[in-house]
Structures are given as structure tokens and as C-alpha cells.
$ cat coords_9.cif   # mmCIF, C-alpha atoms
data_target
loop_
_atom_site.label_atom_id
_atom_site.label_comp_id
_atom_site.auth_asym_id
_atom_site.auth_seq_id
_atom_site.Cartn_x
_atom_site.Cartn_y
_atom_site.Cartn_z
CA MET A 1 86.33 173.07 149.48
CA ILE A 2 88.65 173.67 146.57
CA TRP A 3 90.99 170.93 147.88
CA ARG A 4 88.14 168.41 148.03
CA ARG A 5 87.09 169.20 144.46
CA ALA A 6 90.66 168.80 143.27
CA LYS A 7 90.91 165.47 145.08
CA LYS A 8 87.68 164.27 143.50
CA ALA A 9 88.96 165.31 140.08
CA SER A 10 92.19 163.46 140.75
CA ASP A 11 90.28 160.37 141.82
CA VAL A 12 88.17 160.49 138.65
CA ALA A 13 91.31 160.74 136.49
CA ASP A 14 92.93 157.83 138.29
CA GLU A 15 89.78 155.75 137.82
CA ALA A 16 89.71 156.62 134.12
CA VAL A 17 93.33 155.54 133.75
CA ARG A 18 92.64 152.35 135.66
CA ILE A 19 89.71 151.51 133.37
CA ALA A 20 91.50 152.56 130.18
CA VAL A 21 94.54 150.38 130.74
CA PRO A 22 92.65 147.05 130.72
CA LEU A 23 90.69 148.18 127.66
CA GLU A 24 93.95 148.95 125.89
CA ILE A 25 95.31 145.56 126.84
CA GLU A 26 92.17 143.77 125.63
CA ALA A 27 92.27 145.59 122.31
CA ALA A 28 95.84 144.51 121.67
CA PRO A 29 96.32 141.60 119.26
CA PRO A 30 96.89 138.15 120.80
CA SER A 31 100.51 137.53 121.65
CA ARG A 32 102.58 134.57 120.47
CA GLU A 33 102.27 133.02 123.93
CA HIS A 34 98.48 133.30 123.70
CA ARG A 35 98.44 131.56 120.31
CA HIS A 36 100.73 128.82 121.59
CA SER A 37 98.47 128.38 124.60
CA LEU A 38 95.42 128.03 122.34
CA LEU A 39 97.20 125.48 120.13
CA SER A 40 98.35 123.54 123.17
CA ALA A 41 94.79 123.50 124.48
CA ILE A 42 93.46 122.08 121.21
CA VAL A 43 96.19 119.45 120.94
CA GLY A 44 95.76 118.60 124.60
CA SER A 45 92.03 118.11 124.07
CA PHE A 46 92.70 115.68 121.23
CA VAL A 47 95.24 113.72 123.30
CA GLU A 48 92.95 113.69 126.31
CA ALA A 49 90.04 112.53 124.18
CA TRP A 50 92.09 109.71 122.75
CA ASP A 51 93.19 108.64 126.25
CA GLU A 52 89.57 108.55 127.41
CA VAL A 53 88.62 106.44 124.38
CA ARG A 54 91.41 103.99 125.20
CA ILE A 55 90.38 103.81 128.85
CA ASN A 56 86.69 103.27 128.00
CA ARG A 57 87.29 101.21 124.86
CA THR A 58 85.17 98.32 126.07
CA ARG A 59 82.20 100.68 126.49
CA VAL A 60 82.40 102.24 123.05
CA LEU A 61 83.63 99.24 121.05
CA LEU A 62 80.22 97.82 120.15
CA SER A 63 78.81 101.15 118.99
CA LEU A 64 81.98 101.91 117.00
CA ILE A 65 81.73 98.56 115.22
CA GLY A 66 78.40 99.64 113.76
CA ILE A 67 79.81 103.02 112.74
CA GLY A 68 82.89 101.38 111.20
CA VAL A 69 80.72 98.98 109.19
CA ALA A 70 78.54 101.85 107.97
CA VAL A 71 81.57 103.93 106.97
CA CYS A 72 83.05 100.91 105.18
CA ALA A 73 79.78 100.35 103.30
CA LEU A 74 79.56 104.01 102.35
CA ALA A 75 83.16 104.17 101.10
CA THR A 76 82.88 100.80 99.33
CA VAL A 77 79.79 101.74 97.34
CA VAL A 78 81.35 105.01 96.19
CA GLY A 79 84.64 103.30 95.32
CA ALA A 80 82.93 100.40 93.56
CA GLY A 81 80.79 102.93 91.75
CA ALA A 82 83.93 104.50 90.31
CA VAL A 83 85.12 101.12 89.00
CA PHE A 84 81.70 100.25 87.60
CA GLY A 85 81.41 103.71 86.07
CA GLN A 86 84.77 103.23 84.35
CA ALA A 87 83.52 99.93 82.94
CA GLN A 88 80.40 101.63 81.59
CA THR A 89 82.54 104.40 80.11
CA GLU A 90 84.86 101.99 78.36
CA GLN A 91 81.91 100.01 77.00
CA SER A 92 80.43 103.20 75.56
CA GLU A 93 83.81 104.17 74.08
CA ARG A 94 84.10 100.79 72.36
CA PHE A 95 80.80 101.44 70.65
CA SER A 96 81.02 105.15 69.81
CA GLY A 97 84.64 106.22 70.34
CA ARG A 98 86.41 108.25 72.97
CA PRO A 99 85.40 111.84 73.70
CA ALA A 100 85.44 113.70 71.49
CA THR A 101 84.99 111.61 68.35
CA ILE A 102 83.73 113.54 65.34
CA GLY A 103 82.10 111.64 62.50
CA VAL A 104 82.49 113.19 59.04
CA TYR A 105 80.25 111.99 56.22
CA PRO A 106 80.55 112.47 52.44
CA PRO A 107 78.99 115.72 51.14
CA TYR A 108 75.71 115.58 49.25
CA LEU A 109 73.67 117.93 47.13
CA GLU A 110 70.98 119.76 49.06
CA ASN A 111 68.33 117.97 47.02
CA GLY A 112 69.60 114.77 48.68
CA VAL A 113 69.93 112.85 45.44
CA GLU A 114 73.65 112.81 44.68
CA ARG A 115 76.62 112.05 46.90
CA ALA A 116 80.20 113.20 46.47
CA ASP A 117 82.84 111.21 44.62
CA THR A 118 84.55 108.79 47.01
CA ALA A 119 88.12 109.43 45.86
CA GLN A 120 87.61 113.20 46.06
CA PHE A 121 86.13 112.93 49.56
CA ILE A 122 89.06 110.80 50.76
CA ALA A 123 91.56 113.30 49.34
CA HIS A 124 89.82 116.21 51.08
CA MET A 125 89.72 114.34 54.39
CA ASP A 126 93.43 113.54 54.17
CA ALA A 127 94.09 117.25 53.69
CA VAL A 128 91.85 118.18 56.65
CA ILE A 129 93.56 115.66 58.94
CA GLU A 130 96.99 117.01 57.99
CA ARG A 131 95.95 120.67 58.30
CA TYR A 132 94.53 120.29 61.81
CA GLN A 133 97.25 117.82 62.87
CA ILE A 134 94.77 115.24 64.13
CA SER A 135 96.87 112.42 65.56
CA HIS A 136 94.13 109.76 65.74
CA SER A 137 91.77 109.35 62.81
CA THR A 138 90.39 106.51 60.74
CA PRO A 139 88.24 105.96 57.69
CA ARG A 140 85.48 103.40 58.09
CA PHE A 141 84.86 101.42 54.94
CA ARG A 142 82.00 98.93 55.16
CA GLY A 143 81.12 96.02 52.94
CA SER A 144 80.58 92.29 52.65
CA VAL A 145 82.85 89.54 51.32
CA GLY A 146 82.51 85.85 50.58
CA VAL A 147 84.54 83.44 52.70
CA ASN A 148 85.43 79.89 51.63
CA LEU A 149 85.18 77.67 54.69
CA LEU A 150 85.28 73.92 55.21
CA ASP A 151 81.48 73.70 55.42
CA GLY A 152 80.94 75.86 52.33
CA ARG A 153 80.85 79.46 51.27
CA GLN A 154 79.58 82.07 53.72
CA TYR A 155 79.41 85.85 53.79
CA SER A 156 81.07 88.07 56.35
CA ALA A 157 80.72 91.75 57.16
CA VAL A 158 84.02 93.56 56.74
CA GLN A 159 85.33 96.95 57.81
CA GLY A 160 88.40 98.79 56.60
CA VAL A 161 89.88 100.84 59.47
CA SER A 162 93.28 102.24 60.41
CA ALA A 163 95.44 101.08 63.31
CA ALA A 164 94.28 104.15 65.29
CA TYR A 165 90.77 102.67 65.41
CA GLY A 166 91.95 100.26 68.12
CA VAL A 167 92.91 103.14 70.42
CA MET A 168 89.90 105.30 69.58
CA HIS A 169 87.42 102.49 70.29
CA ARG A 170 89.33 100.64 73.03
CA VAL A 171 89.31 97.45 70.97
CA GLU A 172 89.62 94.48 73.33
CA LEU A 173 90.94 91.18 72.04
CA GLY A 174 90.37 87.69 73.32
CA GLU A 175 93.24 86.25 71.29
CA GLY A 176 96.19 87.62 69.32
CA ARG A 177 96.82 91.29 68.58
CA TRP A 178 95.32 94.33 66.89
CA LEU A 179 96.28 95.71 63.48
CA THR A 180 99.44 97.84 63.22
CA LYS A 181 100.99 100.12 60.60
CA THR A 182 103.59 97.46 59.79
CA ASP A 183 100.76 95.27 58.50
CA GLU A 184 100.51 97.63 55.53
CA GLN A 185 103.68 95.98 54.12
CA ARG A 186 102.30 92.44 54.25
CA LEU A 187 101.57 90.63 51.01
CA ALA A 188 98.87 88.61 52.77
CA PRO A 189 96.67 91.17 54.57
CA ALA A 190 96.23 90.87 58.33
CA VAL A 191 92.66 90.59 59.61
CA VAL A 192 91.02 90.59 63.04
CA ILE A 193 87.90 88.44 63.25
CA ASN A 194 85.05 88.21 65.74
CA ASP A 195 84.56 85.27 68.10
CA VAL A 196 81.80 83.72 65.95
CA PHE A 197 84.18 83.65 62.98
CA TYR A 198 86.89 82.15 65.20
CA GLU A 199 84.51 79.43 66.36
CA THR A 200 83.61 78.63 62.76
CA LEU A 201 87.31 78.17 61.95
CA GLY A 202 87.63 75.69 64.82
CA ARG A 203 89.60 78.03 67.11
CA PRO A 204 93.05 77.38 65.63
CA ASP A 205 96.25 78.50 67.38
CA LEU A 206 97.04 81.98 66.04
CA ARG A 207 100.74 81.21 66.35
CA THR A 208 100.29 78.92 63.37
CA HIS A 209 99.16 81.92 61.25
CA PRO A 210 95.80 80.55 60.09
CA THR A 211 94.58 81.91 56.76
CA ILE A 212 91.19 82.54 55.17
CA VAL A 213 90.27 83.13 51.53
CA LEU A 214 88.17 86.26 50.89
CA GLU A 215 86.32 86.86 47.62
CA SER A 216 84.75 90.00 46.18
CA ASP A 217 85.97 92.02 43.18
CA THR A 218 89.19 90.05 43.61
CA THR A 219 90.28 87.07 45.68
CA ILE A 220 92.89 87.38 48.42
CA THR A 221 94.28 85.18 51.16
CA ALA A 222 94.33 86.89 54.56
CA VAL A 223 96.09 85.95 57.78
CA VAL A 224 94.18 85.98 61.07
CA VAL A 225 96.23 87.90 63.68
CA GLY A 226 93.59 88.64 66.32
CA VAL A 227 90.17 87.71 67.67
CA LEU A 228 87.74 90.17 69.27
CA ILE A 229 86.16 89.36 72.62
CA PRO A 230 82.69 87.82 72.39
CA GLU A 231 79.84 90.32 72.25
CA PRO A 232 76.30 89.72 73.53
CA PHE A 233 73.79 88.59 70.87
CA GLU A 234 76.57 88.24 68.27
CA ASN A 235 75.42 85.83 65.56
CA GLY A 236 77.21 86.70 62.29
CA LEU A 237 80.69 86.60 60.82
CA SER A 238 82.64 89.85 60.77
CA LEU A 239 86.25 90.91 60.30
CA MET A 240 88.38 94.05 60.19
CA MET A 241 91.35 94.94 58.01
CA LEU A 242 93.37 98.01 57.08
CA PRO A 243 91.91 100.40 54.47
CA GLU A 244 94.44 99.56 51.71
CA PRO A 245 93.62 95.82 51.45
CA PHE A 246 89.93 96.68 51.83
CA VAL A 247 90.08 98.95 48.76
CA SER A 248 92.04 96.29 46.88
CA LEU A 249 89.41 93.69 47.73
CA LEU A 250 86.17 95.64 47.40
CA GLY A 251 87.13 98.99 45.83
CA THR A 252 86.09 102.34 47.23
CA GLY A 253 82.45 101.81 46.34
CA ARG A 254 79.91 104.59 46.12
CA THR A 255 79.26 107.07 48.87
CA GLU A 256 75.53 106.85 48.10
CA ASP A 257 75.57 103.42 49.71
CA GLY A 258 76.68 104.89 53.03
CA ASN A 259 79.70 102.58 53.14
CA LEU A 260 82.26 105.26 54.03
CA SER A 261 82.77 107.79 56.79
CA TYR A 262 85.65 109.24 58.78
CA GLU A 263 86.17 109.40 62.52
CA LEU A 264 88.44 112.01 64.11
CA TRP A 265 89.49 111.95 67.77
CA VAL A 266 90.00 115.57 68.86
CA PRO A 267 90.32 117.44 72.18
CA GLU A 268 86.90 117.70 73.76
CA GLU A 269 87.20 121.41 74.50
CA GLN A 270 87.81 122.11 70.77
CA SER A 271 85.23 119.72 69.37
CA ALA A 272 82.49 122.31 68.74
CA GLN A 273 84.80 124.64 66.81
CA LEU A 274 86.33 121.76 64.81
CA GLU A 275 82.88 120.42 63.89
CA GLN A 276 81.97 123.72 62.28
CA ALA A 277 85.38 124.29 60.70
CA ILE A 278 85.63 120.80 59.14
CA SER A 279 82.05 120.88 57.88
CA ARG A 280 82.64 124.32 56.37
CA GLU A 281 85.91 123.35 54.70
CA VAL A 282 84.63 120.10 53.21
CA THR A 283 81.50 121.83 51.95
CA ALA A 284 83.51 124.68 50.40
CA SER A 285 85.83 122.26 48.62
CA PHE A 286 82.92 120.75 46.68
CA GLY A 287 81.30 124.00 45.69
CA GLU A 288 77.90 125.64 45.82
CA GLY A 289 74.90 123.44 46.53
CA TRP A 290 76.85 120.82 48.46
CA ARG A 291 76.56 120.13 52.17
CA ALA A 292 78.76 118.07 54.50
CA ASP A 293 77.88 116.83 57.99
CA ALA A 294 80.41 116.63 60.82
CA ASN A 295 78.96 115.66 64.19
CA ARG A 296 80.13 114.26 67.48
CA ASN A 297 79.29 110.58 67.85
CA ASP A 298 80.73 109.70 71.26
CA TYR A 299 78.60 108.77 74.25
CA ARG A 300 78.96 112.11 76.07
CA VAL A 301 76.65 113.82 73.62
CA TRP A 302 73.89 111.33 74.36
CA GLY A 303 73.36 112.33 77.99
CA GLY A 304 71.01 110.18 80.03
CA PRO A 305 70.92 109.19 83.74
CA ASP A 306 73.72 107.38 85.52
CA PRO A 307 72.79 103.66 85.65
CA LEU A 308 74.54 103.30 89.00
CA GLU A 309 72.72 106.18 90.70
CA PRO A 310 69.72 104.16 92.08
CA LEU A 311 72.07 101.56 93.63
CA GLN A 312 74.22 104.29 95.17
CA TRP A 313 71.17 105.92 96.75
CA VAL A 314 69.94 102.59 98.18
CA VAL A 315 73.29 101.52 99.65
CA GLY A 316 74.00 105.08 100.83
CA GLY A 317 70.62 105.17 102.60
CA ILE A 318 71.32 101.85 104.33
CA ALA A 319 74.78 103.08 105.38
CA GLY A 320 73.22 106.30 106.72
CA LEU A 321 70.71 104.29 108.77
CA ILE A 322 73.52 102.17 110.26
CA LEU A 323 75.43 105.36 111.08
CA LEU A 324 72.36 106.76 112.85
CA LEU A 325 71.88 103.60 114.91
CA GLY A 326 75.58 103.61 115.81
CA ALA A 327 75.30 107.26 116.84
CA LEU A 328 72.35 106.50 119.14
CA GLY A 329 74.30 103.70 120.81
CA LEU A 330 77.29 105.99 121.22
CA VAL A 331 75.08 108.69 122.79
CA ASN A 332 73.78 106.27 125.41
CA ILE A 333 77.27 105.03 126.27
CA SER A 334 78.63 108.60 126.42
CA LEU A 335 75.83 109.70 128.77
CA VAL A 336 76.57 106.80 131.10
CA THR A 337 80.30 107.60 130.93
CA VAL A 338 79.67 111.26 131.84
CA LYS A 339 77.65 110.24 134.91
CA TYR A 340 80.55 108.09 136.08
CA ARG A 341 82.91 111.04 135.55
CA VAL A 342 80.98 113.66 137.57
CA ARG A 343 83.62 113.68 140.31
CA GLU A 344 86.44 114.03 137.79
CA ILE A 345 84.69 116.87 135.92
CA GLY A 346 83.88 118.67 139.19
CA VAL A 347 87.50 118.51 140.30
CA ARG A 348 88.64 119.87 136.91
CA ARG A 349 86.18 122.74 137.25
CA ALA A 350 87.54 123.43 140.76
CA PHE A 351 91.05 123.74 139.31
CA GLY A 352 89.91 126.32 136.76
CA ALA A 353 88.67 124.34 133.74
CA THR A 354 86.17 126.49 131.86
CA ALA A 355 82.79 125.30 130.65
CA SER A 356 83.94 125.55 127.03
CA ARG A 357 87.02 123.42 127.77
CA VAL A 358 84.89 120.72 129.40
CA PHE A 359 82.35 120.87 126.55
CA PHE A 360 85.08 120.59 123.92
CA ALA A 361 86.85 117.74 125.71
CA VAL A 362 83.72 115.59 126.09
CA MET A 363 82.60 116.18 122.52
CA MET A 364 86.07 115.43 121.17
CA GLU A 365 85.93 112.00 122.81
CA SER A 366 83.04 111.03 120.54
CA ILE A 367 84.58 112.66 117.46
CA VAL A 368 87.97 111.01 117.95
CA ALA A 369 86.33 107.63 118.53
CA THR A 370 84.17 107.83 115.38
CA ILE A 371 87.04 109.14 113.26
CA ALA A 372 89.17 106.19 114.41
CA ALA A 373 86.34 103.86 113.42
CA GLY A 374 86.01 105.75 110.13
CA VAL A 375 89.72 105.36 109.32
CA ILE A 376 89.47 101.61 109.88
CA GLY A 377 86.30 101.43 107.79
CA VAL A 378 87.91 103.36 104.90
CA ALA A 379 91.00 101.13 105.04
CA VAL A 380 88.81 98.03 104.79
CA ALA A 381 86.84 99.61 101.92
CA ILE A 382 90.05 100.36 100.01
CA ALA A 383 91.21 96.76 100.49
CA ILE A 384 87.85 95.49 99.19
CA VAL A 385 87.56 97.76 96.16
CA GLN A 386 91.22 97.38 95.11
CA ASN A 387 91.10 93.59 95.34
CA PRO A 388 91.57 92.16 91.80
CA ALA A 389 88.91 89.51 92.33
CA VAL A 390 86.34 92.12 93.38
CA GLN A 391 87.28 94.43 90.49
CA ASN A 392 86.94 91.57 88.03
CA LEU A 393 83.53 90.75 89.51
CA ILE A 394 82.32 94.37 89.37
CA ALA A 395 83.76 95.28 85.98
CA PRO A 396 85.49 92.47 84.07
CA GLY A 397 87.84 93.53 81.30
CA VAL A 398 88.36 97.15 82.40
CA GLN A 399 91.53 98.49 80.77
CA ASP A 400 92.13 101.61 82.90
CA LEU A 401 91.22 100.72 86.47
CA PRO A 402 90.72 103.95 88.45
CA PRO A 403 92.39 104.43 91.86
CA PHE A 404 90.23 104.49 94.95
CA PRO A 405 88.45 107.86 94.73
CA LEU A 406 89.63 110.44 97.24
CA GLU A 407 86.12 111.85 97.52
CA ALA A 408 84.88 108.46 98.79
CA ALA A 409 87.42 108.49 101.64
CA LEU A 410 86.72 112.13 102.49
CA LEU A 411 82.95 111.57 102.39
CA ALA A 412 83.19 108.57 104.70
CA LEU A 413 85.52 110.31 107.17
CA GLY A 414 83.36 113.44 107.10
CA ALA A 415 80.26 111.36 107.82
CA SER A 416 81.97 109.61 110.73
CA ALA A 417 83.13 112.95 112.19
CA ALA A 418 79.63 114.41 111.83
CA VAL A 419 78.13 111.39 113.59
CA GLY A 420 80.68 111.79 116.38
CA ALA A 421 79.81 115.47 116.78
CA LEU A 422 76.08 114.72 116.96
CA ALA A 423 76.64 111.83 119.36
CA GLY A 424 78.85 113.94 121.63
CA LEU A 425 76.63 117.02 121.73
CA MET A 426 74.18 115.83 124.40
CA PRO A 427 76.83 114.33 126.76
CA ALA A 428 78.89 117.52 126.40
CA LEU A 429 75.91 119.64 127.41
CA VAL A 430 75.35 117.40 130.44
CA ALA A 431 79.03 117.68 131.39
CA VAL A 432 78.91 121.49 131.25
CA LYS A 433 76.14 121.53 133.86
CA VAL A 434 78.30 119.65 136.38
CA LYS A 435 79.19 121.93 139.34
CA VAL A 436 82.05 121.78 141.80
CA ILE A 437 79.71 120.90 144.60
CA ASP A 438 78.64 117.81 142.62
CA ALA A 439 82.10 116.35 143.02
CA ILE A 440 81.59 116.21 146.78
CA ARG A 441 78.40 114.13 146.48
CA TYR A 442 80.14 111.34 144.51
#
$ encode --input "coords_9.cif" --output "C-alpha cells"
Amino acid sequence: MIWRRAKKASDVADEAVRIAVPLEIEAAPPSREHRHSLLSAIVGSFVEAWDEVRINRTRVLLSLIGIGVAVCALATVVGAGAVFGQAQTEQSERFSGRPATIGVYPPYLENGVERADTAQFIAHMDAVIERYQISHSTPRFRGSVGVNLLDGRQYSAVQGVSAAYGVMHRVELGEGRWLTKTDEQRLAPAVVINDVFYETLGRPDLRTHPTIVLESDTTITAVVVGVLIPEPFENGLSLMMLPEPFVSLLGTGRTEDGNLSYELWVPEEQSAQLEQAISREVTASFGEGWRADANRNDYRVWGGPDPLEPLQWVVGGIAGLILLLGALGLVNISLVTVKYRVREIGVRRAFGATASRVFFAVMMESIVATIAAGVIGVAVAIAIVQNPAVQNLIAPGVQDLPPFPLEAALLALGASAAVGALAGLMPALVAVKVKVIDAIRY
């Protein structure tokens, strides 16, 4: 009796050891061989999927054409949107200056009646620009001058700006060049005129250094060195010159007339602090009762909706519909392909292929096929968007053409992979249900 109990106890201990050993093995971390086996399985699934796509390429070609076209449309609209958006940005910067452009205006008494002395305001602004080490700044003098032309005397709007104005406002010229600091040494001031003015002069060759006579407080002869590009609805004469010849021709004028302001191009992240600091310093320099305004003028403070957003939604919706139709065609072809491969799948199951391996392999066929179509579609989209003729059609005159946006390529490839996963889900589920016995029937 005692011997039987001892034997039972020994058997129980042996059973406990037998059970404990597998549990200990299962709890151990995966070995290097296990990780290599998993990686090999994944890579093998990709290679196998690509082989199946090549073997059945005639079956999937038509459906992949639709997916490739949809991916190309999706990537093209996003890429073209970047180019068009850059054109809109540059147009806004020509009008209001680059971010962040701060406009500083002459101080005035709080009763609003009296404005600051022009010379004093200019001196204070020169000190502010030097103190804050602002590399790009310009005064903006405004006025009107008489011009003696062949058909009589006419009046032209005139602005006195520094050479930095061309960079700050992305000045684009149709002919000639922009003003430079070396023009300050010229005896005959250099001027840049608008296209209407150039047409009135008869469009002379700028290499001949055409001159115009300007009359105001004094009379000077100026040399035309550049012509601005035509602007929509432009119907008057206008010209630009450096501040020094402007003051010589028209004087500084009175700040009450609103003919003077300063523009400062500063880092955008510091614009709010500089607005307050400059306004405070200019106000303090004039004394109690005076107030100076310094505000951002560039387009980013305006806000407003993106003008390209409705078009992007429309084209994106059409591309999504094409992707869906391509996915449905790919599902039908994949289902037919799986039915033809019942014998093959059954044999693989007989040799130990797990359900997850079969599921992953069949789904990867659709994903690899759609990704291949997506890569081709993105390549075609890049070729379209980066074509100079297309860029000139979308956004003529863009100075800083952006590269093809990476997010457009990633979005298109992600969409193609998602479509492949959805298209391969149902055939993969059908393939998992294939049994070994099914291989015998086919």
C-alpha cells in the first residue's frame, strides 16, 4: 500500500516536471533562429506574391491599369496643388511682402490731428533698424511727378524704395533689372517703370539707356533700367526709384498726407514681440501723448480659405472612385484565381502551411500588385508635375518652384496599398477555408 502511494506520488512529480518544461520553454524569449525564420517567412511571402503577380499578370493587368491611373491622378493633383499654392503665395508676397513684414507708420497725437515730423521719424526708424539688426527694410515714399513725353505732359505715380524692396516683395521684371545699391552713385537716377509706362515710351531697347524727364519741386533726367511685368487692370503710369533721388525730386513731404511708411522683414517667430517693441520705442522717442502703429501687413495675417481646396476635393473624390472600381475588379479576378489554385493551396496545407501563412500569401499578392501599380502611377505623376510646360501652365512666373511633395507620393502609395489590402481580404478568407481533401477533387 505504501509502495503504491509512493509510486503515485512519483508519477505525479514526473507529470509536473513534464508539464513544467514546455511551459518554461514557451516562456523563454524567441531565439535568433526564430527571428530569422520569421523574417524569412515575411520576405518569402513578398517574393512568392510577386511571382504569382508575374504569372497571372494578364489577369490583373486591366484592373491594375485603373488603380495606376487613379494613383497618378491623386498624386498629380496634390503635386500640382503644391505648385499652384506656391504661385498664390508668391503673388500675395508681391502685394504685401514676405512673412513676416511689419509696417511702421509715423506717430500721431492721440487726438489724431497732428503727425510726427518726417525727418525725425526717419531718423528714429534708422536707429531702430540698426538696433535690431534688421537686414531687409525699406521706406516707402509715395508721390506724383510730371513726365514730359512725346505726346505731351502726363503724371505718373512714383515710389521711393530701397533695393531690399525687390527681395521683400518678389519684384518680377519683364525687361531689364531691379534697382541696386550701386545706383545710389548715379548722377542720373535709375528708375523701374510699369508696362503701361513702357508702352507709352514705345518699348525702347533698355540697352540704349532710354531716359525720361521728371518734374516736381525740381527737374531731373532719369534712366530706365527695368520694366515690371504687366499687372491685370493696370491703366496708369507708375515708376519706382531709390529714396535719395525721390527726396531730391519731391522732398520728404508731410507725414499727415500718408506718403511715408516703413516696411521691415523680420523672422516670423519674433514678429509679435518686435511689433510691440518697435511701437513702444518709436512712441517713447516722441514723448507723452504720441502713438505709433507697427503691424504685420503680410498675407499670413489675413487668413481665409485655400482657393485650391475645392478642386483638390473634387479630383481626390474622382480618384477615390476610380480606386474603388479598380479594387472591385481586382477582387473578382483574385477570387477566380483562388478557385483555380485550390489544388495548389491544398497541397501546401498538406505539407504544413498554416492558415495564417496562406492568408498572408494570398493577401500579399493583391498588395504587391497594387503597390507596383502605385509606384508606376507616382512616377508618371512626378514626370507630369515636374514638366516645365505643365508648371508654366499651372503657375507661370513662379520664382521658387517647389519639388514634388513627398506627402503626395506617400499618400498615393498608401492609398494603393490600402486598396490592395481591401481587395485581397475576401480572396484570402476563401483561401483559408480550402482543405487538404479539396486538393483531391481538383
$ resolve_selection --input "coords_9.cif" --expression "the PyMOL selection byres ((chain A and resi 352-358) around 9)" --output "PDB file with C-alpha atoms, in the coordinates of the input"
ATOM      1  CA  ALA A  41      94.790 123.500 124.480  1.00  0.00           C
ATOM      2  CA  SER A  45      92.030 118.110 124.070  1.00  0.00           C
ATOM      3  CA  ILE A 345      84.690 116.870 135.920  1.00  0.00           C
ATOM      4  CA  VAL A 347      87.500 118.510 140.300  1.00  0.00           C
ATOM      5  CA  ARG A 348      88.640 119.870 136.910  1.00  0.00           C
ATOM      6  CA  ARG A 349      86.180 122.740 137.250  1.00  0.00           C
ATOM      7  CA  ALA A 350      87.540 123.430 140.760  1.00  0.00           C
ATOM      8  CA  PHE A 351      91.050 123.740 139.310  1.00  0.00           C
ATOM      9  CA  PHE A 359      82.350 120.870 126.550  1.00  0.00           C
ATOM     10  CA  PHE A 360      85.080 120.590 123.920  1.00  0.00           C
ATOM     11  CA  ALA A 361      86.850 117.740 125.710  1.00  0.00           C
ATOM     12  CA  VAL A 362      83.720 115.590 126.090  1.00  0.00           C
ATOM     13  CA  MET A 363      82.600 116.180 122.520  1.00  0.00           C
ATOM     14  CA  ALA A 428      78.890 117.520 126.400  1.00  0.00           C
ATOM     15  CA  ALA A 431      79.030 117.680 131.390  1.00  0.00           C
ATOM     16  CA  VAL A 432      78.910 121.490 131.250  1.00  0.00           C
ATOM     17  CA  LYS A 433      76.140 121.530 133.860  1.00  0.00           C
TER      18      LYS A 433
END
$ atom_distance --input "coords_9.cif" --atom1 "atom CA of A:Gly143" --atom2 "atom CA of A:Leu214"
12.2 Å
$ atom_distance --input "coords_9.cif" --atom1 "atom CA of A:Pro204" --atom2 "atom CA of A:Gly146"
20.2 Å
$ axis_aligned_box --input "coords_9.cif" --around "stretch 397-410 of chain A" --padding-each-side "5 Å" --output "AutoDock Vina command-line options"
--center_x 88.6 --center_y 102.8 --center_z 91.6 --size_x 17.5 --size_y 28.6 --size_z 31.7
$ resolve_selection --input "coords_9.cif" --expression "the PyMOL selection byres ((chain A and resi 397) around 10)" --output "number ranges by chain"
A: 87, 90-91, 172, 229, 391-396, 398-401
$ closest_residue --input "coords_9.cif" --among "A:Ala373, A:Ile367, A:Leu250, A:Ile382" --to "A:Ala423" --atoms "all atoms listed in the file"
A:Ile367
$ closest_residue --input "coords_9.cif" --among "A:Leu330, A:Val380, A:Val224, A:Ile278" --to "A:Ile129" --atoms "only C-alpha atoms"
A:Ile278
$ closest_residue --input "coords_9.cif" --among "A:Glu244, A:Arg131, A:Ala412, A:Asp195" --to "A:Lys181" --atoms "only C-alpha atoms"
A:Glu244
$ closest_atom_pairs --input "coords_9.cif" --of "stretch 86-132 of chain A" --to "stretch 284-289 of chain A" --cutoff "10 Å" --atoms "only C-alpha atoms" --output "tab-separated table"
residue	atom	partner	partner_atom	distance
A:Pro107	CA	A:Phe286	CA	7.8
A:Tyr108	CA	A:Gly289	CA	8.4
A:Leu109	CA	A:Gly289	CA	5.7
A:Glu110	CA	A:Gly289	CA	5.9
A:Asn111	CA	A:Gly289	CA	8.6
A:Ala116	CA	A:Phe286	CA	8.0
A:Asp117	CA	A:Phe286	CA	9.8
A:Gln120	CA	A:Phe286	CA	8.9
A:Phe121	CA	A:Phe286	CA	8.9
A:His124	CA	A:Ser285	CA	7.7
$ residues_around --input "coords_9.cif" --residues "A:Ala372" --least-positions-apart "6" --cutoff "9 Å" --atoms "all atoms listed in the file" --output "list in words"
Leu64, Gly68 and Ser416 of chain A
$ atom_distance --input "coords_9.cif" --atom1 "atom CA of A:Glu269" --atom2 "atom CA of A:Pro99"
9.8 Å
$ residues_around --input "coords_9.cif" --residues "A:Thr180" --least-positions-apart "6" --cutoff "9 Å" --atoms "all atoms listed in the file" --output "PyMOL selection string"
chain A and resi 162-164+242
$ closest_residue --input "coords_9.cif" --among "A:Val171, A:Leu149, A:Val282, A:Met364" --to "A:Pro230" --atoms "all atoms listed in the file"
A:Val171
$ closest_residue --input "coords_9.cif" --among "A:Glu263, A:Arg186, A:Leu201, A:Pro388" --to "A:Asp151" --atoms "only C-alpha atoms"
A:Leu201
$ closest_residue --input "coords_9.cif" --among "A:Asp183, A:Glu268, A:Glu199, A:Asp293" --to "A:Met241" --atoms "all atoms listed in the file"
A:Asp183
$ residues_near_point --input "coords_9.cif" --point "(72.8, 101.7, 106.9)" --cutoff "12 Å" --atoms "only C-alpha atoms" --output "list in words"
Gly66, Ile67, Gly68, Val69, Ala70, Val71, Cys72, Ala73, Leu74, Val77, Trp313, Val314, Val315, Gly316, Gly317, Ile318, Ala319, Gly320, Leu321, Ile322, Leu323, Leu324, Leu325, Gly326 and Ala327 of chain A
$ residues_near_point --input "coords_9.cif" --point "(86.4, 114.0, 113.6)" --cutoff "8 Å" --atoms "only C-alpha atoms" --output "VMD selection string"
chain A and resid 364 367 to 368 370 to 371 413 to 414 416 to 418 420 to 421
$ resolve_selection --input "coords_9.cif" --expression "the PyMOL selection byres ((chain A and resi 262) around 6)" --output "PyMOL selection string"
chain A and resi 103-104+138-140+261+263
